[in-house]
$ cat work_1.cif   # mmCIF, C-alpha atoms and all ligand atoms
data_start
loop_
_atom_site.label_atom_id
_atom_site.label_comp_id
_atom_site.auth_asym_id
_atom_site.auth_seq_id
_atom_site.Cartn_x
_atom_site.Cartn_y
_atom_site.Cartn_z
CA MET A 70 148.09 331.02 47.54
CA ARG A 71 151.55 330.51 46.24
CA GLY A 72 152.45 327.08 47.58
CA THR A 73 155.58 326.01 49.39
CA VAL A 74 157.95 327.89 47.13
CA ALA A 75 155.83 330.98 47.48
CA LEU A 76 157.30 334.38 47.01
CA ALA A 77 155.02 335.95 49.62
CA LEU A 78 156.58 339.20 50.68
CA VAL A 79 157.31 338.85 54.31
CA VAL A 80 157.52 341.84 56.58
CA ALA A 81 160.95 341.66 58.13
CA ALA A 82 160.94 340.87 61.79
CA GLY A 83 161.20 343.87 64.05
CA ALA A 84 160.28 346.38 61.36
CA SER A 85 158.10 349.26 62.40
CA ALA A 86 154.37 348.83 62.07
CA CYS A 87 151.80 351.27 60.77
CA ALA A 88 152.06 355.02 60.86
CA ALA A 89 150.50 357.02 63.65
CA ASP A 90 147.18 358.70 62.98
CA ASP A 91 148.65 362.08 62.24
CA GLY A 92 152.08 363.36 61.46
CA PRO A 93 154.40 361.82 58.90
CA PRO A 94 154.49 358.04 58.66
CA GLY A 95 157.51 356.22 60.06
CA PRO A 96 160.26 354.86 57.87
CA PRO A 97 159.14 352.42 55.18
CA THR A 98 158.97 348.77 56.17
CA PRO A 99 161.64 346.53 54.62
CA VAL A 100 160.44 343.30 53.05
CA ASP A 101 162.31 340.12 52.27
CA ASP A 102 162.17 338.95 48.70
CA ARG A 103 161.68 335.29 49.54
CA LEU A 104 162.64 333.47 46.39
CA PRO A 105 161.41 330.23 44.92
CA ALA A 106 163.78 327.32 45.45
CA GLY A 107 166.58 327.09 42.92
CA PHE A 108 166.43 330.72 41.83
CA PRO A 109 169.63 332.73 41.64
CA PRO A 110 169.99 335.53 44.22
CA MET A 111 167.95 338.59 43.24
CA PRO A 112 169.95 341.72 42.51
CA VAL A 113 168.56 344.64 44.50
CA ALA A 114 169.77 348.23 44.09
CA GLU A 115 171.52 349.56 47.17
CA ASP A 116 169.65 352.84 46.94
CA ASN A 117 166.28 351.21 46.40
CA PRO A 118 165.62 348.51 48.98
CA THR A 119 162.26 346.80 48.65
CA THR A 120 159.74 348.06 51.19
CA ALA A 121 156.05 347.33 51.71
CA GLU A 122 155.19 350.98 51.06
CA GLY A 123 157.38 351.21 47.97
CA VAL A 124 155.82 348.08 46.52
CA ALA A 125 152.32 349.41 47.28
CA LEU A 126 153.13 352.67 45.49
CA GLY A 127 154.69 350.84 42.53
CA ARG A 128 151.65 348.63 42.23
CA GLN A 129 149.38 351.68 42.37
CA LEU A 130 151.36 353.44 39.63
CA TYR A 131 151.48 350.31 37.47
CA TYR A 132 147.69 350.32 37.35
CA ASP A 133 147.23 354.13 37.42
CA ALA A 134 146.48 355.99 34.17
CA ARG A 135 147.63 359.23 35.80
CA LEU A 136 151.13 357.99 34.93
CA SER A 137 150.49 358.92 31.28
CA PRO A 138 150.37 362.63 30.47
CA ASP A 139 146.91 362.45 28.91
CA GLY A 140 145.57 359.93 31.42
CA SER A 141 144.90 357.45 28.65
CA ARG A 142 146.89 354.42 29.77
CA ALA A 143 148.71 352.63 32.53
CA CYS A 144 151.36 349.94 32.34
CA ALA A 145 148.55 347.45 32.93
CA SER A 146 146.82 348.62 29.74
CA CYS A 147 149.19 346.33 27.85
CA HIS A 148 150.57 344.13 30.61
CA PHE A 149 147.74 341.90 31.99
CA GLN A 150 148.25 339.73 35.06
CA ASP A 151 146.28 336.77 33.70
CA ARG A 152 148.68 336.72 30.74
CA SER A 153 151.78 336.87 32.90
CA PHE A 154 151.68 340.63 32.32
CA SER A 155 151.72 340.43 28.55
CA SER A 156 148.80 340.98 26.16
CA THR A 157 147.66 340.54 22.60
CA GLY A 158 146.48 344.06 21.74
CA VAL A 159 149.91 345.30 20.64
CA THR A 160 152.54 343.27 18.76
CA GLY A 161 155.29 341.64 20.79
CA VAL A 162 154.32 342.70 24.31
CA LEU A 163 156.92 341.09 26.57
CA PRO A 164 155.65 339.57 29.82
CA HIS A 165 156.66 340.99 33.18
CA VAL A 166 157.99 338.06 35.09
CA ASN A 167 161.31 337.71 36.88
CA LEU A 168 162.63 340.91 35.27
CA ALA A 169 164.59 341.57 38.47
CA TRP A 170 167.32 339.39 36.94
CA SER A 171 167.42 341.17 33.56
CA THR A 172 170.01 343.64 32.39
CA PHE A 173 168.87 343.82 28.77
CA PHE A 174 165.35 344.98 28.11
CA LEU A 175 163.09 344.85 25.04
CA TRP A 176 163.32 342.26 22.25
CA ASP A 177 166.40 343.81 20.65
CA GLY A 178 167.91 344.81 24.01
CA ARG A 179 167.95 348.46 22.99
CA PHE A 180 167.70 349.32 26.62
CA THR A 181 170.57 348.08 28.81
CA GLY A 182 170.89 348.79 32.49
CA THR A 183 169.49 348.11 35.92
CA LEU A 184 165.83 347.56 36.68
CA GLU A 185 165.70 351.08 38.14
CA GLU A 186 167.15 352.53 34.93
CA ALA A 187 164.72 350.51 32.84
CA MET A 188 161.79 351.88 34.84
CA ILE A 189 163.13 355.44 34.51
CA MET A 190 163.24 354.89 30.76
CA GLU A 191 159.67 353.55 30.75
CA VAL A 192 158.37 356.46 32.83
CA GLU A 193 160.32 359.33 31.31
CA GLU A 194 160.78 358.28 27.70
CA PHE A 195 158.04 355.79 26.89
CA PHE A 196 155.26 357.39 28.94
CA GLY A 197 156.60 360.94 29.23
CA THR A 198 155.05 361.09 32.68
CA ASP A 199 154.05 364.58 33.82
CA VAL A 200 154.70 364.79 37.58
CA GLU A 201 152.12 367.57 37.91
CA ARG A 202 149.48 365.01 37.11
CA LEU A 203 150.62 362.77 39.95
CA LYS A 204 150.41 365.57 42.53
CA GLU A 205 147.20 364.47 44.17
CA PRO A 206 146.77 363.80 47.88
CA ASP A 207 146.33 360.03 47.63
CA LEU A 208 149.58 359.62 45.70
CA GLU A 209 151.43 362.19 47.79
CA ASP A 210 150.54 360.15 50.87
CA MET A 211 151.89 357.02 49.20
CA PHE A 212 155.13 358.73 48.10
CA GLU A 213 155.60 359.98 51.65
CA ALA A 214 155.07 356.50 53.07
CA ALA A 215 157.49 354.99 50.54
CA PHE A 216 160.20 357.64 50.34
CA GLU A 217 159.60 359.85 53.37
CA THR A 218 158.88 362.88 51.23
CA ARG A 219 155.76 364.20 49.54
CA GLU A 220 157.86 365.49 46.68
CA ILE A 221 156.99 363.49 43.59
CA THR A 222 159.66 362.93 40.94
CA THR A 223 159.78 360.65 37.92
CA THR A 224 162.80 358.92 39.47
CA ARG A 225 160.88 358.08 42.64
CA ALA A 226 157.93 356.86 40.56
CA ALA A 227 160.32 354.63 38.61
CA TYR A 228 161.99 353.37 41.79
CA ALA A 229 158.58 352.37 43.18
CA LEU A 230 157.77 350.59 39.90
CA ALA A 231 161.09 348.75 40.19
CA GLN A 232 160.18 347.63 43.70
CA PHE A 233 156.85 346.31 42.43
CA GLN A 234 158.66 344.55 39.57
CA ARG A 235 160.82 342.76 42.16
CA THR A 236 157.64 341.18 43.51
CA LEU A 237 156.70 339.89 40.04
CA VAL A 238 158.46 336.60 40.65
CA SER A 239 157.01 333.41 39.26
CA GLY A 240 158.38 330.04 40.27
CA ALA A 241 155.50 327.85 41.41
CA SER A 242 154.60 325.83 38.32
CA PRO A 243 154.08 322.04 38.25
CA PHE A 244 157.63 321.84 36.84
CA ASP A 245 158.97 323.57 39.96
CA ALA A 246 156.95 321.27 42.21
CA TYR A 247 158.46 318.32 40.36
CA LEU A 248 161.99 319.67 40.81
CA GLU A 249 161.29 320.17 44.50
CA GLY A 250 160.50 316.48 44.87
CA ASP A 251 156.81 316.04 44.02
CA ALA A 252 157.21 313.22 41.50
CA GLY A 253 153.50 313.27 40.66
CA ALA A 254 153.48 316.95 39.69
CA LEU A 255 154.24 316.15 36.04
CA SER A 256 152.42 313.65 33.82
CA ALA A 257 154.35 311.07 31.84
CA ALA A 258 154.10 313.20 28.68
CA GLU A 259 155.28 316.31 30.54
CA ARG A 260 158.24 314.38 31.94
CA ARG A 261 159.18 313.10 28.48
CA GLY A 262 158.93 316.67 27.18
CA MET A 263 161.16 317.86 30.03
CA GLU A 264 163.77 315.21 29.24
CA LEU A 265 163.79 316.25 25.59
CA PHE A 266 164.01 319.93 26.55
CA TYR A 267 167.12 319.20 28.63
CA SER A 268 168.71 316.88 26.05
CA GLU A 269 171.12 317.37 23.18
CA ASP A 270 168.34 316.21 20.83
CA ALA A 271 166.56 319.53 21.23
CA GLU A 272 169.09 321.83 22.96
CA CYS A 273 166.33 324.09 24.33
CA PHE A 274 167.89 324.42 27.79
CA HIS A 275 171.04 326.16 26.59
CA CYS A 276 169.17 329.36 25.82
CA HIS A 277 166.02 328.94 27.91
CA ALA A 278 168.43 328.41 30.78
CA THR A 279 168.36 328.24 34.58
CA ARG A 280 165.18 328.33 36.64
CA LEU A 281 164.46 331.68 34.96
CA MET A 282 164.08 329.74 31.67
CA THR A 283 166.15 332.36 29.83
CA ASP A 284 169.84 333.18 29.49
CA ASN A 285 168.86 336.85 29.09
CA LEU A 286 171.00 336.97 25.93
CA PHE A 287 170.36 337.27 22.19
CA HIS A 288 170.21 334.56 19.53
CA ASN A 289 169.21 334.00 15.91
CA ILE A 290 167.10 330.85 15.96
CA GLY A 291 166.55 330.70 12.19
CA LEU A 292 163.16 332.26 11.65
CA ASP A 293 164.15 334.17 8.49
CA ALA A 294 166.60 333.68 5.62
CA ASP A 295 167.42 337.39 5.33
CA VAL A 296 168.23 338.92 8.68
CA THR A 297 170.08 342.00 7.43
CA GLY A 298 169.43 345.00 9.64
CA THR A 299 167.04 343.19 12.01
CA GLY A 300 167.13 342.39 15.71
CA ARG A 301 170.08 343.31 17.86
CA GLY A 302 172.36 344.25 14.93
CA PRO A 303 171.10 347.81 14.42
CA VAL A 304 171.30 348.35 18.21
CA SER A 305 174.87 347.08 18.71
CA GLY A 306 176.03 348.33 15.32
CA ARG A 307 177.49 344.92 14.54
CA ALA A 308 176.26 342.87 11.58
CA LEU A 309 177.03 339.68 13.53
CA ASP A 310 174.09 340.56 15.82
CA ASP A 311 171.60 340.82 12.95
CA GLY A 312 168.61 338.52 13.41
CA LYS A 313 169.30 338.01 17.12
CA TRP A 314 166.53 338.66 19.64
CA LYS A 315 166.34 338.43 23.39
CA THR A 316 165.61 334.90 24.61
CA PRO A 317 162.13 335.17 26.14
CA THR A 318 161.49 333.41 29.42
CA LEU A 319 159.32 330.33 29.02
CA ARG A 320 157.68 330.82 32.40
CA ASN A 321 153.90 330.96 31.89
CA VAL A 322 154.52 330.67 28.15
CA ALA A 323 151.14 328.94 27.67
CA VAL A 324 149.42 332.29 28.32
CA THR A 325 151.82 334.70 26.60
CA GLY A 326 151.02 334.00 22.95
CA PRO A 327 151.18 334.88 20.16
CA TYR A 328 154.86 334.04 20.05
CA MET A 329 158.20 335.49 18.90
CA HIS A 330 159.12 339.18 18.65
CA ASP A 331 156.70 339.69 15.77
CA ASP A 332 153.87 337.46 17.04
CA ARG A 333 154.27 335.19 14.00
CA PHE A 334 153.11 332.01 15.73
CA GLU A 335 149.68 331.75 17.35
CA THR A 336 150.18 328.53 19.26
CA LEU A 337 152.88 326.56 21.06
CA GLU A 338 152.29 323.75 18.57
CA GLU A 339 153.35 326.11 15.76
CA VAL A 340 156.44 327.15 17.72
CA VAL A 341 157.47 323.54 18.28
CA ASP A 342 156.78 322.66 14.63
CA PHE A 343 159.10 325.52 13.71
CA TYR A 344 161.90 324.16 15.91
CA ALA A 345 161.24 320.65 14.58
CA GLU A 346 161.27 321.42 10.86
CA GLY A 347 161.18 325.15 10.05
CA VAL A 348 164.65 326.47 10.90
CA VAL A 349 166.18 328.32 7.94
CA ASP A 350 169.82 329.23 7.41
CA SER A 351 171.11 332.80 7.58
CA SER A 352 174.39 334.61 8.20
CA THR A 353 174.14 334.61 12.02
CA LEU A 354 172.18 331.42 12.72
CA ASP A 355 173.02 330.05 16.19
CA THR A 356 175.11 326.88 16.08
CA LEU A 357 172.75 325.26 18.59
CA VAL A 358 169.91 325.29 16.05
CA PRO A 359 170.35 322.96 13.07
CA ILE A 360 169.22 324.09 9.61
CA GLY A 361 165.95 322.31 8.93
CA GLY A 362 165.24 321.91 12.65
CA TYR A 363 165.66 319.21 15.26
CA GLY A 364 163.58 316.70 13.28
CA LEU A 365 161.27 315.71 16.13
CA THR A 366 158.56 313.06 15.82
CA ALA A 367 154.89 313.90 16.31
CA GLU A 368 155.01 312.36 19.78
CA GLN A 369 158.11 314.31 20.77
CA ARG A 370 156.48 317.53 19.62
CA ALA A 371 153.37 316.83 21.65
CA ASP A 372 155.53 316.02 24.69
CA LEU A 373 157.46 319.27 24.35
CA VAL A 374 154.23 321.26 24.16
CA ALA A 375 152.95 319.42 27.23
CA PHE A 376 156.12 320.35 29.09
CA LEU A 377 155.85 324.01 28.03
CA ARG A 378 152.31 324.06 29.42
CA ALA A 379 153.62 322.68 32.72
CA LEU A 380 155.57 325.93 33.17
CA THR A 381 152.37 327.79 34.05
CA ASP A 382 152.28 329.17 37.60
CA GLU A 383 148.56 329.65 38.26
CA SER A 384 149.25 331.29 41.60
CA TYR A 385 151.18 334.05 39.83
CA LEU A 386 148.40 334.72 37.34
CA THR A 387 145.84 335.06 40.13
CA ASP A 388 147.82 336.41 43.11
CA PRO A 389 145.66 339.22 44.60
CA ALA A 390 148.84 341.01 45.75
CA LEU A 391 149.72 341.62 42.10
CA ALA A 392 146.22 342.57 40.94
CA PRO A 393 144.89 346.14 40.65
CA PRO A 394 144.87 347.81 44.08
CA ARG A 395 141.40 348.46 45.46
C1 LIG B 401 150.95 350.35 24.58
C2 LIG B 401 151.26 349.09 25.25
C3 LIG B 401 152.25 349.14 26.40
C4 LIG B 401 152.16 349.87 27.56
C5 LIG B 401 151.08 350.84 27.96
C6 LIG B 401 153.32 349.52 28.34
N1 LIG B 401 154.07 348.57 27.68
FE1 LIG B 401 155.75 347.67 28.38
N2 LIG B 401 155.97 346.70 26.60
C7 LIG B 401 155.11 346.82 25.52
C8 LIG B 401 155.70 346.16 24.37
C9 LIG B 401 155.06 346.05 22.98
C10 LIG B 401 156.94 345.65 24.78
C11 LIG B 401 158.00 344.97 23.92
C12 LIG B 401 158.60 346.08 23.05
C13 LIG B 401 159.93 345.76 22.44
O1 LIG B 401 160.61 344.84 22.89
O2 LIG B 401 160.31 346.43 21.49
C14 LIG B 401 157.07 346.01 26.20
C15 LIG B 401 158.18 345.69 26.98
C16 LIG B 401 158.38 346.12 28.27
C17 LIG B 401 159.55 345.82 29.07
C18 LIG B 401 160.73 344.96 28.65
C19 LIG B 401 160.58 343.56 29.17
C20 LIG B 401 161.72 342.67 28.77
O3 LIG B 401 161.61 341.45 28.99
O4 LIG B 401 162.73 343.13 28.23
C21 LIG B 401 159.40 346.46 30.26
C22 LIG B 401 160.38 346.47 31.41
C23 LIG B 401 158.13 347.16 30.21
N3 LIG B 401 157.53 346.91 29.01
C24 LIG B 401 157.64 347.93 31.24
C25 LIG B 401 156.51 348.73 31.13
C26 LIG B 401 156.11 349.68 32.14
C27 LIG B 401 156.83 349.91 33.46
C28 LIG B 401 155.00 350.30 31.66
C29 LIG B 401 154.24 351.46 32.31
C30 LIG B 401 155.07 352.64 32.59
C31 LIG B 401 154.71 349.72 30.35
N4 LIG B 401 155.64 348.77 30.07
C32 LIG B 401 153.62 350.07 29.58
C33 LIG B 401 153.91 347.45 25.52
C34 LIG B 401 153.46 348.33 26.48
C1 LIG B 402 169.95 329.32 20.42
C2 LIG B 402 169.09 329.66 21.53
C3 LIG B 402 167.74 328.97 21.61
C4 LIG B 402 167.46 327.62 21.56
C5 LIG B 402 168.43 326.48 21.39
C6 LIG B 402 166.03 327.50 21.71
N1 LIG B 402 165.46 328.74 21.84
FE1 LIG B 402 163.48 329.12 22.03
N2 LIG B 402 163.85 331.08 21.70
C7 LIG B 402 165.08 331.67 21.60
C8 LIG B 402 164.94 333.04 21.19
C9 LIG B 402 166.06 334.03 20.94
C10 LIG B 402 163.56 333.25 21.00
C11 LIG B 402 162.88 334.54 20.49
C12 LIG B 402 163.08 334.62 18.97
C13 LIG B 402 162.35 335.73 18.29
O1 LIG B 402 161.38 336.26 18.81
O2 LIG B 402 162.73 336.09 17.18
C14 LIG B 402 162.89 332.01 21.38
C15 LIG B 402 161.54 331.81 21.42
C16 LIG B 402 160.91 330.68 21.90
C17 LIG B 402 159.51 330.57 22.20
C18 LIG B 402 158.48 331.69 22.07
C19 LIG B 402 158.35 332.42 23.40
C20 LIG B 402 157.61 333.71 23.32
O3 LIG B 402 157.22 334.19 24.40
O4 LIG B 402 157.41 334.28 22.24
C21 LIG B 402 159.30 329.30 22.66
C22 LIG B 402 157.98 328.71 23.12
C23 LIG B 402 160.56 328.61 22.62
N3 LIG B 402 161.52 329.49 22.17
C24 LIG B 402 160.78 327.31 22.98
C25 LIG B 402 161.94 326.61 22.69
C26 LIG B 402 162.06 325.17 22.68
C27 LIG B 402 160.96 324.21 23.03
C28 LIG B 402 163.34 324.89 22.29
C29 LIG B 402 163.97 323.54 22.03
C30 LIG B 402 163.32 322.80 20.96
C31 LIG B 402 164.01 326.17 22.10
N4 LIG B 402 163.14 327.17 22.33
C32 LIG B 402 165.34 326.29 21.72
C33 LIG B 402 166.30 331.04 21.84
C34 LIG B 402 166.46 329.67 21.77
#

$ encode --input "work_1.cif" --output "structure tokens" --more "lines below"
Ligand code: HEC
Ligand code: HEC
Amino acid sequence: MRGTVALALVVAAGASACAADDGPPGPPTPVDDRLPAGFPPMPVAEDNPTTAEGVALGRQLYYDARLSPDGSRACASCHFQDRSFSSTGVTGVLPHVNLAWSTFFLWDGRFTGTLEEAMIMEVEEFFGTDVERLKEPDLEDMFEAAFETREITTTRAAYALAQFQRTLVSGASPFDAYLEGDAGALSAAERRGMELFYSEDAECFHCHATRLMTDNLFHNIGLDADVTGTGRGPVSGRALDDGKWKTPTLRNVAVTGPYMHDDRFETLEEVVDFYAEGVVDSSTLDTLVPIGGYGLTAEQRADLVAFLRALTDESYLTDPALAPPR
């Protein structure tokens, strides 16, 4: 259950129902991406409208090891639902949540483009998917239902994955309930943490911005004194981008640890201690982050951590529609 601001995919009124028993299925069924309150409009590619069949195929592929040439792994091998589609096995696994709004992908943004292009990159370059391996009747049926052709291509596989990604929307945390008018959704400590988060005493909201809790841009927050040749710099070719990394969303952050691009912090307490007292100067340090940190008291730190934990959307982590297909 996803609550009142649920994202449930709703079959558009009047759309065709199931396929006949034999013969090709009818056209795929469009679905509405019903967004949580307060979210910006979701960009959707004109040539890849979200359909029930496309989402079903994308979900299948996400969990299907046939996507890798040697059958050894699926996307879900590193991206686990109960961790907001991140994991701890590999360093720096980014969660899959609200990526429909992203145009820069990966910690250093070395992939720029649309969600479709990002999925093509994942399929063709990262996985090196061999379409021959996908040519099995169950998948051919699903491709036909989604794209009205049994011909499997890496582009169509990526498009289906992009459609599934557009259903990975999380916006039903206690914080959201509070914003929607449920004053009791946050405890006193969580509310104090929220106020600090949105204040000039801690500045968090500038970068972890909007209801997405990220500006989808790059910043140096002062983790290291020597940032030469790290982060976005080598990607953009500009030294002024050294030490800058993509602002991660804070949605479900309680379950996406360890934290930062290199997993250097195990807990949210360590992250907040860093912001409070661990910020070091370097050539590209963001002006929003003071050298030496924000100087927060023990109580303020505990409040901030409490607020970060109130960004967990349990319904997202357990939604059966996002779990492995049966
Ligand atoms: C071996 C583990 C592993 C597998 C398997 C894997 N990923 Fe990832 N994924 C990662 C890591 C690690 C990162 C962060 C890497 C970086 O930023 O340099 C990441 C990042 C991403 C991102 C960028 C997210 C963002 O916020 O910018 C996307 C998109 C993504 N993965 C999609 C996929 C898809 C689609 C698949 C299946 C085709 C997949 N991943 C399979 C480990 C994995
Ligand atoms: C100048 C922009 C900026 C400000 C201000 C800022 N952050 Fe961040 N935050 C980032 C970036 C960029 C990262 C990733 C850095 C990295 O991995 O090297 C990050 C990482 C984090 C992480 C780790 C998330 C993860 O998944 O690894 C948490 C938690 C966090 N910030 C919370 C906060 C809090 C709380 C504040 C206010 C005290 C704050 N941030 C202020 C940009 C900012």

$ closest_residue --input "work_1.cif" --among "A:Thr299, A:Thr381, A:Thr356, A:Thr336" --to "A:Asp177" --atoms "only C-alpha atoms"
A:Thr299

$ atom_distance --input "work_1.cif" --atom1 "atom CA of A:Ser239" --atom2 "atom CA of A:Leu184"
16.9 Å

$ closest_residue --input "work_1.cif" --among "A:Thr160, A:Ser256, A:Phe154, A:Pro109" --to "A:Glu335" --atoms "only C-alpha atoms"
A:Thr160

$ residues_near_ligand --input "work_1.cif" --ligand "ligand LIG 402 (chain B)" --cutoff "6 Å" --atoms "only C-alpha atoms and all ligand atoms" --output "list in words"
Phe266, Ala271, Glu272, Cys273, His275, Cys276, Phe287, His288, Asn289, Ile290, Trp314, Lys315, Thr316, Pro317, Val322, Thr325, Tyr328, Met329, His330, Leu337, Val340, Val341, Tyr344, Asp355, Leu357 and Val358 of chain A

$ residues_near_ligand --input "work_1.cif" --ligand "ligand LIG 401 (chain B)" --cutoff "9 Å" --atoms "all atoms listed in the file" --output "count of residues only"
56

$ atom_distance --input "work_1.cif" --atom1 "atom CA of A:Gly140" --atom2 "atom CA of A:Glu205"
13.6 Å

$ closest_residue --input "work_1.cif" --among "A:Tyr228, A:Glu209, A:Leu391, A:Met111" --to "A:Arg128" --atoms "only C-alpha atoms"
A:Leu391

$ residues_near_point --input "work_1.cif" --point "(152.8, 354.4, 51.3)" --cutoff "12 Å" --atoms "only C-alpha atoms" --output "MDAnalysis selection string"
chainID A and resid 87:88 93:98 120:130 206:219 229

$ atom_distance --input "work_1.cif" --atom1 "atom CA of A:Glu115" --atom2 "atom CA of A:Leu281"
22.8 Å

$ residues_around --input "work_1.cif" --residues "A:Ala371" --least-positions-apart "3" --cutoff "9 Å" --atoms "all atoms listed in the file" --output "PyMOL selection string"
chain A and resi 258+262+338+341+366-368+374-376

$ closest_residue --input "work_1.cif" --among "A:Thr224, A:Ser384, A:Ser305, A:Thr183" --to "A:Ala241" --atoms "all atoms listed in the file"
A:Ser384

$ closest_residue --input "work_1.cif" --among "A:Gln232, A:Ser352, A:Gln150, A:Thr223" --to "A:Pro99" --atoms "all atoms listed in the file"
A:Gln232

$ closest_residue --input "work_1.cif" --among "A:Leu203, A:Ala323, A:Leu386, A:Leu286" --to "A:Arg301" --atoms "only C-alpha atoms"
A:Leu286

$ axis_aligned_box --input "work_1.cif" --around "stretch 91-109 of chain A" --padding-each-side "5 Å" --output "JSON"
{"center_x": 159.1, "center_y": 345.2, "center_z": 51.9, "size_x": 31.0, "size_y": 46.3, "size_z": 30.6}

$ residues_around --input "work_1.cif" --residues "A:Asp382" --least-positions-apart "6" --cutoff "9 Å" --atoms "all atoms listed in the file" --output "VMD selection string"
chain A and resid 71 239 to 243 320 to 321

$ build_atoms --input "work_1.cif" --residues "stretch 185-203 of chain A" --atoms "N, CA and C atoms" --output "PDB file, in the coordinates of the input"
ATOM      1  N   GLU A 185     166.056 349.687  37.854  1.00  0.00           N
ATOM      2  CA  GLU A 185     165.700 351.080  38.140  1.00  0.00           C
ATOM      3  C   GLU A 185     165.824 351.923  36.866  1.00  0.00           C
ATOM      4  N   GLU A 186     166.953 351.745  36.163  1.00  0.00           N
ATOM      5  CA  GLU A 186     167.150 352.530  34.930  1.00  0.00           C
ATOM      6  C   GLU A 186     166.102 352.193  33.887  1.00  0.00           C
ATOM      7  N   ALA A 187     165.748 350.910  33.809  1.00  0.00           N
ATOM      8  CA  ALA A 187     164.720 350.510  32.840  1.00  0.00           C
ATOM      9  C   ALA A 187     163.387 351.182  33.177  1.00  0.00           C
ATOM     10  N   MET A 188     163.063 351.248  34.459  1.00  0.00           N
ATOM     11  CA  MET A 188     161.790 351.880  34.840  1.00  0.00           C
ATOM     12  C   MET A 188     161.839 353.384  34.608  1.00  0.00           C
ATOM     13  N   ILE A 189     163.005 354.009  34.819  1.00  0.00           N
ATOM     14  CA  ILE A 189     163.130 355.440  34.510  1.00  0.00           C
ATOM     15  C   ILE A 189     162.874 355.652  33.017  1.00  0.00           C
ATOM     16  N   MET A 190     163.451 354.784  32.199  1.00  0.00           N
ATOM     17  CA  MET A 190     163.240 354.890  30.760  1.00  0.00           C
ATOM     18  C   MET A 190     161.751 354.750  30.431  1.00  0.00           C
ATOM     19  N   GLU A 191     161.092 353.762  31.028  1.00  0.00           N
ATOM     20  CA  GLU A 191     159.670 353.550  30.750  1.00  0.00           C
ATOM     21  C   GLU A 191     158.846 354.781  31.134  1.00  0.00           C
ATOM     22  N   VAL A 192     159.158 355.337  32.307  1.00  0.00           N
ATOM     23  CA  VAL A 192     158.370 356.460  32.830  1.00  0.00           C
ATOM     24  C   VAL A 192     158.672 357.736  32.038  1.00  0.00           C
ATOM     25  N   GLU A 193     159.965 358.029  31.893  1.00  0.00           N
ATOM     26  CA  GLU A 193     160.320 359.330  31.310  1.00  0.00           C
ATOM     27  C   GLU A 193     160.239 359.329  29.794  1.00  0.00           C
ATOM     28  N   GLU A 194     160.737 358.255  29.173  1.00  0.00           N
ATOM     29  CA  GLU A 194     160.780 358.280  27.700  1.00  0.00           C
ATOM     30  C   GLU A 194     159.539 357.667  27.086  1.00  0.00           C
ATOM     31  N   PHE A 195     159.164 356.472  27.540  1.00  0.00           N
ATOM     32  CA  PHE A 195     158.040 355.790  26.890  1.00  0.00           C
ATOM     33  C   PHE A 195     156.716 356.484  27.254  1.00  0.00           C
ATOM     34  N   PHE A 196     156.510 356.754  28.532  1.00  0.00           N
ATOM     35  CA  PHE A 196     155.260 357.390  28.940  1.00  0.00           C
ATOM     36  C   PHE A 196     155.328 358.907  28.917  1.00  0.00           C
ATOM     37  N   GLY A 197     156.517 359.492  29.113  1.00  0.00           N
ATOM     38  CA  GLY A 197     156.600 360.940  29.230  1.00  0.00           C
ATOM     39  C   GLY A 197     155.771 361.463  30.386  1.00  0.00           C
ATOM     40  N   THR A 198     155.872 360.763  31.502  1.00  0.00           N
ATOM     41  CA  THR A 198     155.050 361.090  32.680  1.00  0.00           C
ATOM     42  C   THR A 198     155.214 362.556  33.083  1.00  0.00           C
ATOM     43  N   ASP A 199     154.080 363.191  33.369  1.00  0.00           N
ATOM     44  CA  ASP A 199     154.050 364.580  33.820  1.00  0.00           C
ATOM     45  C   ASP A 199     153.815 364.555  35.332  1.00  0.00           C
ATOM     46  N   VAL A 200     154.842 364.913  36.121  1.00  0.00           N
ATOM     47  CA  VAL A 200     154.700 364.790  37.580  1.00  0.00           C
ATOM     48  C   VAL A 200     153.555 365.627  38.122  1.00  0.00           C
ATOM     49  N   GLU A 201     153.230 366.730  37.434  1.00  0.00           N
ATOM     50  CA  GLU A 201     152.120 367.570  37.910  1.00  0.00           C
ATOM     51  C   GLU A 201     150.848 366.748  38.043  1.00  0.00           C
ATOM     52  N   ARG A 202     150.677 365.846  37.118  1.00  0.00           N
ATOM     53  CA  ARG A 202     149.480 365.010  37.110  1.00  0.00           C
ATOM     54  C   ARG A 202     149.410 364.053  38.293  1.00  0.00           C
ATOM     55  N   LEU A 203     150.580 363.726  38.826  1.00  0.00           N
ATOM     56  CA  LEU A 203     150.620 362.770  39.950  1.00  0.00           C
ATOM     57  C   LEU A 203     150.415 363.476  41.286  1.00  0.00           C
TER      58      LEU A 203
END
